[in-house]
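Structure data follow from protein.csv (CSV, N, CA and C atoms):
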```csv
chain,number,residue,atom,x,y,z
A,1,MET,N,0.8,-1.2,0.0
A,1,MET,CA,0.0,0.0,0.0
A,1,MET,C,0.9,1.3,0.0
A,2,PRO,N,1.9,1.3,0.8
A,2,PRO,CA,2.8,2.5,0.8
A,2,PRO,C,3.3,2.8,-0.6
A,3,ALA,N,3.7,1.8,-1.4
A,3,ALA,CA,4.3,2.0,-2.7
A,3,ALA,C,3.2,2.6,-3.6
A,4,ARG,N,2.0,2.1,-3.5
A,4,ARG,CA,0.9,2.6,-4.3
A,4,ARG,C,0.6,4.1,-4.0
A,5,LEU,N,0.6,4.4,-2.7
A,5,LEU,CA,0.3,5.8,-2.3
A,5,LEU,C,1.5,6.7,-2.8
A,6,ASN,N,2.7,6.2,-2.7
A,6,ASN,CA,3.8,7.0,-3.2
A,6,ASN,C,3.7,7.3,-4.7
A,7,ALA,N,3.3,6.2,-5.4
A,7,ALA,CA,3.2,6.4,-6.9
A,7,ALA,C,2.1,7.4,-7.2
A,8,ALA,N,1.0,7.4,-6.4
A,8,ALA,CA,-0.1,8.3,-6.7
A,8,ALA,C,0.3,9.7,-6.3
A,9,VAL,N,1.0,9.9,-5.2
A,9,VAL,CA,1.5,11.2,-4.9
A,9,VAL,C,2.4,11.8,-5.9
A,10,ARG,N,3.4,10.9,-6.4
A,10,ARG,CA,4.3,11.4,-7.4
A,10,ARG,C,3.5,11.8,-8.7
A,11,LYS,N,2.6,11.0,-9.1
A,11,LYS,CA,1.8,11.3,-10.3
A,11,LYS,C,1.1,12.6,-10.2
A,12,ILE,N,0.4,12.9,-9.0
A,12,ILE,CA,-0.3,14.1,-8.8
A,12,ILE,C,0.7,15.3,-8.8
A,13,MET,N,1.9,15.1,-8.2
A,13,MET,CA,2.8,16.2,-8.1
A,13,MET,C,3.3,16.5,-9.5
A,14,GLU,N,3.6,15.5,-10.3
A,14,GLU,CA,4.1,15.7,-11.7
A,14,GLU,C,3.0,16.5,-12.5
A,15,ALA,N,1.7,16.0,-12.4
A,15,ALA,CA,0.7,16.7,-13.1
A,15,ALA,C,0.5,18.1,-12.7
A,16,GLY,N,0.8,18.4,-11.4
A,16,GLY,CA,0.7,19.8,-10.9
A,16,GLY,C,2.0,20.6,-11.1
A,17,GLY,N,3.0,20.0,-11.8
A,17,GLY,CA,4.2,20.7,-12.0
A,17,GLY,C,5.0,21.0,-10.8
A,18,LEU,N,4.9,20.2,-9.8
A,18,LEU,CA,5.6,20.3,-8.5
A,18,LEU,C,6.9,19.5,-8.6
A,19,PRO,N,8.0,20.0,-8.0
A,19,PRO,CA,9.3,19.3,-8.1
A,19,PRO,C,9.2,18.0,-7.2
A,20,ILE,N,9.5,16.9,-7.9
A,20,ILE,CA,9.5,15.6,-7.2
A,20,ILE,C,10.6,15.5,-6.1
A,21,ALA,N,11.6,16.4,-6.2
A,21,ALA,CA,12.7,16.5,-5.2
A,21,ALA,C,12.1,16.8,-3.8
A,22,TRP,N,10.9,17.5,-3.9
A,22,TRP,CA,10.3,17.9,-2.6
A,22,TRP,C,10.0,16.7,-1.7
A,23,LEU,N,9.8,15.5,-2.3
A,23,LEU,CA,9.5,14.3,-1.5
A,23,LEU,C,10.7,13.9,-0.7
A,24,ASP,N,11.9,14.1,-1.2
A,24,ASP,CA,13.1,13.8,-0.4
A,24,ASP,C,13.4,15.0,0.6
A,25,GLU,N,13.2,16.2,0.1
A,25,GLU,CA,13.5,17.4,1.0
A,25,GLU,C,12.5,17.5,2.1
A,26,MET,N,11.2,17.2,1.8
A,26,MET,CA,10.1,17.4,2.8
A,26,MET,C,9.2,16.2,2.8
A,27,PRO,N,9.7,15.0,3.3
A,27,PRO,CA,8.9,13.8,3.2
A,27,PRO,C,7.6,13.9,4.0
A,28,TYR,N,6.5,13.3,3.4
A,28,TYR,CA,5.2,13.3,4.1
A,28,TYR,C,5.1,12.1,4.9
A,29,SER,N,4.2,12.1,5.8
A,29,SER,CA,3.9,10.9,6.7
A,29,SER,C,2.4,10.7,6.9
A,30,ILE,N,2.0,9.5,6.9
A,30,ILE,CA,0.6,9.2,7.2
A,30,ILE,C,0.6,8.4,8.5
A,31,MET,N,-0.3,8.8,9.4
A,31,MET,CA,-0.3,8.1,10.7
A,31,MET,C,-1.7,8.2,11.3
A,32,SER,N,-2.0,7.2,12.1
A,32,SER,CA,-3.3,7.3,12.8
A,32,SER,C,-3.2,8.3,14.0
A,33,ILE,N,-4.3,8.6,14.5
A,33,ILE,CA,-4.3,9.6,15.7
A,33,ILE,C,-3.6,8.9,16.8
A,34,ARG,N,-3.7,7.7,17.0
A,34,ARG,CA,-3.0,7.0,18.1
A,34,ARG,C,-1.5,7.1,17.9
A,35,GLU,N,-1.0,6.9,16.7
A,35,GLU,CA,0.4,7.1,16.4
A,35,GLU,C,0.8,8.5,16.6
A,36,LEU,N,0.0,9.4,16.2
A,36,LEU,CA,0.3,10.9,16.4
A,36,LEU,C,0.4,11.2,17.8
A,37,GLU,N,-0.4,10.7,18.7
A,37,GLU,CA,-0.3,10.9,20.1
A,37,GLU,C,1.0,10.4,20.7
A,38,THR,N,1.3,9.1,20.3
A,38,THR,CA,2.6,8.5,20.7
A,38,THR,C,3.8,9.3,20.2
A,39,ALA,N,3.7,9.6,18.9
A,39,ALA,CA,4.9,10.4,18.3
A,39,ALA,C,5.0,11.7,19.0
A,40,ALA,N,3.9,12.4,19.3
A,40,ALA,CA,4.0,13.7,20.0
A,40,ALA,C,4.7,13.6,21.3
A,41,GLY,N,4.4,12.6,22.1
A,41,GLY,CA,5.0,12.3,23.4
A,41,GLY,C,6.5,12.0,23.3
A,42,VAL,N,6.8,11.2,22.3
A,42,VAL,CA,8.2,10.9,22.1
A,42,VAL,C,9.0,12.1,21.6
A,43,ILE,N,8.4,12.9,20.7
A,43,ILE,CA,9.1,14.1,20.2
A,43,ILE,C,9.3,15.1,21.4
A,44,ASN,N,8.3,15.1,22.3
A,44,ASN,CA,8.5,16.0,23.5
A,44,ASN,C,9.7,15.5,24.3
A,45,ALA,N,9.9,14.2,24.4
A,45,ALA,CA,11.0,13.7,25.2
A,45,ALA,C,12.4,13.8,24.5
A,46,VAL,N,12.4,13.6,23.1
A,46,VAL,CA,13.7,13.5,22.5
A,46,VAL,C,14.0,14.6,21.5
A,47,GLY,N,13.0,15.4,21.1
A,47,GLY,CA,13.2,16.5,20.2
A,47,GLY,C,12.7,16.1,18.8
A,48,VAL,N,12.4,17.1,18.0
A,48,VAL,CA,11.8,16.9,16.7
A,48,VAL,C,12.9,16.3,15.7
A,49,HIS,N,14.0,17.0,15.7
A,49,HIS,CA,15.0,16.5,14.7
A,49,HIS,C,15.5,15.1,14.9
A,50,PRO,N,15.9,14.7,16.1
A,50,PRO,CA,16.3,13.3,16.2
A,50,PRO,C,15.1,12.3,15.9
A,51,PHE,N,13.9,12.6,16.2
A,51,PHE,CA,12.8,11.7,16.0
A,51,PHE,C,12.5,11.6,14.5
A,52,ILE,N,12.4,12.8,13.8
A,52,ILE,CA,12.0,12.7,12.4
A,52,ILE,C,13.2,12.2,11.5
A,53,SER,N,14.4,12.7,11.8
A,53,SER,CA,15.5,12.3,11.0
A,53,SER,C,15.8,10.8,11.1
A,54,GLY,N,15.6,10.2,12.3
A,54,GLY,CA,15.7,8.8,12.5
A,54,GLY,C,14.7,8.0,11.7
A,55,LYS,N,13.5,8.6,11.6
A,55,LYS,CA,12.4,7.9,10.9
A,55,LYS,C,12.6,7.9,9.4
A,56,VAL,N,12.9,9.1,8.8
A,56,VAL,CA,13.0,9.3,7.4
A,56,VAL,C,14.3,9.0,6.7
A,57,LEU,N,15.4,9.1,7.5
A,57,LEU,CA,16.7,8.9,6.9
A,57,LEU,C,17.3,7.4,7.0
A,58,ASP,N,16.8,6.7,8.0
A,58,ASP,CA,17.3,5.4,8.3
A,58,ASP,C,16.4,4.4,7.5
A,59,PRO,N,17.0,3.7,6.5
A,59,PRO,CA,16.2,2.8,5.6
A,59,PRO,C,15.5,1.7,6.4
A,60,GLU,N,16.0,1.3,7.6
A,60,GLU,CA,15.4,0.3,8.4
A,60,GLU,C,14.1,0.8,9.0
A,61,PHE,N,14.0,2.1,9.3
A,61,PHE,CA,12.8,2.6,9.9
A,61,PHE,C,11.9,3.4,9.0
A,62,ARG,N,12.4,3.7,7.8
A,62,ARG,CA,11.6,4.5,6.9
A,62,ARG,C,10.3,3.8,6.5
A,63,GLY,N,10.3,2.5,6.3
A,63,GLY,CA,9.2,1.8,5.9
A,63,GLY,C,8.2,1.4,7.0
A,64,LEU,N,8.6,1.6,8.2
A,64,LEU,CA,7.8,1.2,9.4
A,64,LEU,C,6.7,2.2,9.6
A,65,GLY,N,5.6,1.8,10.1
A,65,GLY,CA,4.6,2.7,10.6
A,65,GLY,C,5.1,3.4,11.9
A,66,PHE,N,4.5,4.6,12.2
A,66,PHE,CA,5.1,5.3,13.3
A,66,PHE,C,4.9,4.6,14.7
A,67,GLY,N,3.9,3.8,14.8
A,67,GLY,CA,3.8,3.1,16.1
A,67,GLY,C,4.9,2.1,16.3
A,68,ALA,N,5.2,1.3,15.2
A,68,ALA,CA,6.3,0.4,15.3
A,68,ALA,C,7.6,1.1,15.4
A,69,TYR,N,7.8,2.2,14.7
A,69,TYR,CA,9.0,3.0,14.9
A,69,TYR,C,9.2,3.4,16.3
A,70,CYS,N,8.2,4.0,16.9
A,70,CYS,CA,8.3,4.5,18.3
A,70,CYS,C,8.7,3.3,19.2
A,71,ASP,N,7.9,2.2,19.0
A,71,ASP,CA,8.2,1.1,19.9
A,71,ASP,C,9.6,0.5,19.8
A,72,GLU,N,10.1,0.5,18.5
A,72,GLU,CA,11.4,-0.1,18.3
A,72,GLU,C,12.5,0.8,18.7
A,73,ARG,N,12.4,2.1,18.3
A,73,ARG,CA,13.5,3.1,18.5
A,73,ARG,C,13.5,3.7,19.9
A,74,TYR,N,12.3,3.9,20.4
A,74,TYR,CA,12.2,4.7,21.7
A,74,TYR,C,11.3,3.9,22.7
A,75,PRO,N,11.7,2.7,23.0
A,75,PRO,CA,10.8,1.9,23.9
A,75,PRO,C,10.7,2.5,25.3
A,76,ASP,N,11.8,3.1,25.9
A,76,ASP,CA,11.7,3.7,27.2
A,76,ASP,C,10.8,4.9,27.2
A,77,GLU,N,10.9,5.7,26.2
A,77,GLU,CA,10.0,6.9,26.1
A,77,GLU,C,8.6,6.5,26.0
A,78,VAL,N,8.3,5.5,25.1
A,78,VAL,CA,6.9,5.1,25.0
A,78,VAL,C,6.4,4.5,26.3
A,79,ALA,N,7.2,3.8,27.0
A,79,ALA,CA,6.7,3.2,28.2
A,79,ALA,C,6.4,4.2,29.3
A,80,ASN,N,7.0,5.4,29.2
A,80,ASN,CA,6.8,6.4,30.2
A,80,ASN,C,5.8,7.5,29.7
A,81,LEU,N,5.1,7.3,28.6
A,81,LEU,CA,4.1,8.3,28.2
A,81,LEU,C,2.9,8.2,29.1
A,82,HIS,N,2.4,9.4,29.4
A,82,HIS,CA,1.1,9.5,30.1
A,82,HIS,C,0.0,9.6,29.1
A,83,PRO,N,-1.1,8.9,29.4
A,83,PRO,CA,-2.2,8.9,28.5
A,83,PRO,C,-2.8,10.4,28.3
A,84,LEU,N,-3.0,10.8,27.1
A,84,LEU,CA,-3.5,12.1,26.8
A,84,LEU,C,-5.0,12.1,27.1
A,85,PHE,N,-5.5,13.2,27.7
A,85,PHE,CA,-6.9,13.4,27.8
A,85,PHE,C,-7.6,12.3,28.6
A,86,ARG,N,-6.9,11.7,29.5
A,86,ARG,CA,-7.4,10.5,30.3
A,86,ARG,C,-8.7,11.0,31.1
A,87,ASP,N,-8.6,12.1,31.8
A,87,ASP,CA,-9.8,12.6,32.5
A,87,ASP,C,-11.0,12.8,31.6
A,88,GLU,N,-10.8,13.4,30.5
A,88,GLU,CA,-11.9,13.6,29.6
A,88,GLU,C,-12.5,12.3,29.0
A,89,PHE,N,-11.6,11.4,28.7
A,89,PHE,CA,-12.1,10.1,28.2
A,89,PHE,C,-12.9,9.4,29.3
A,90,ASP,N,-12.4,9.3,30.5
A,90,ASP,CA,-13.1,8.7,31.6
A,90,ASP,C,-14.5,9.3,31.9
A,91,ALA,N,-14.5,10.7,31.8
A,91,ALA,CA,-15.8,11.4,32.0
A,91,ALA,C,-16.8,11.0,30.8
A,92,MET,N,-16.3,10.9,29.6
A,92,MET,CA,-17.1,10.7,28.5
A,92,MET,C,-17.7,9.3,28.5
A,93,VAL,N,-17.0,8.3,29.0
A,93,VAL,CA,-17.5,6.9,29.0
A,93,VAL,C,-18.1,6.5,30.3
A,94,ALA,N,-18.0,7.3,31.3
A,94,ALA,CA,-18.5,7.0,32.6
A,94,ALA,C,-20.0,6.6,32.6
A,95,GLY,N,-20.8,7.3,31.8
A,95,GLY,CA,-22.2,7.0,31.8
A,95,GLY,C,-22.6,5.9,30.9
A,96,LEU,N,-21.7,5.2,30.2
A,96,LEU,CA,-22.0,4.2,29.3
A,96,LEU,C,-22.2,2.8,29.9
A,97,ALA,N,-21.6,2.6,31.1
A,97,ALA,CA,-21.6,1.3,31.7
A,97,ALA,C,-22.9,1.1,32.5
```
As structure tokens, how would this structure be written, given the file I've shared?
Amino acid sequence: MPARLNAAVRKIMEAGGLPIAWLDEMPYSIMSIRELETAAGVINAVGVHPFISGKVLDPEFRGLGFGAYCDERYPDEVANLHPLFRDEFDAMVAGLA
């Protein structure tokens, strides 16, 4: 699926006259909201540049989803993340039981 998405993005960029080099200079990422929450917590702990450069520049990690990348590269940081919006979630589901 990632290869098909990349091919579609390249085709649209070419049709729009956009430089394909942008994909290397400014790589895009697709992630779930769960992965975004985890990535945000890890970025807060280690910094933006180490996190992103490790993901997009290392061939071993470039093909992984962000959840797997975080678990593999930053297991201690992931283990120490506090759930986001826990109080709000508990309040929201309290009346469902």
Who sits within 8 Å of region 25-35 of chain A, only C-alpha atoms, same chain under 2 positions skipped, as a VMD selection string: chain A and resid 21 to 23 37 to 39 56 65 to 67
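Atom N of Gly41 (chain A) is found 12.3 Å from atom N of Pro75 (chain A).
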Point-to-point distance in Å for atom C of Arg62 (chain A) and CA of Lys11 (chain A):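 One can read the CA of Lys11 (chain A) to atom C of Arg62 (chain A) distance as 20.3 Å.
Proximity to Ala45 (chain A) was assessed for A:Val93, A:Glu14, A:Glu77, A:Met1 counting all atoms listed in the file; the smallest distance is recorded for A:Glu77.
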Secondary structure check, helix (DSSP H, G or I) residues of chain A, as number ranges by chain: A: 2-15, 22-25, 33-46, 48-57, 59-62, 66-73, 75-79, 86-94
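Put simply, CA of Ile52 (chain A) is 22.1 Å away from CA of Ala7 (chain A).
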Selection near Val46 (chain A), 12 Å with only C-alpha atoms, sequence-local residues under 6 positions removed, as a PyMOL selection string: chain A and resi 39-40+52-54+70+73-74+76-78
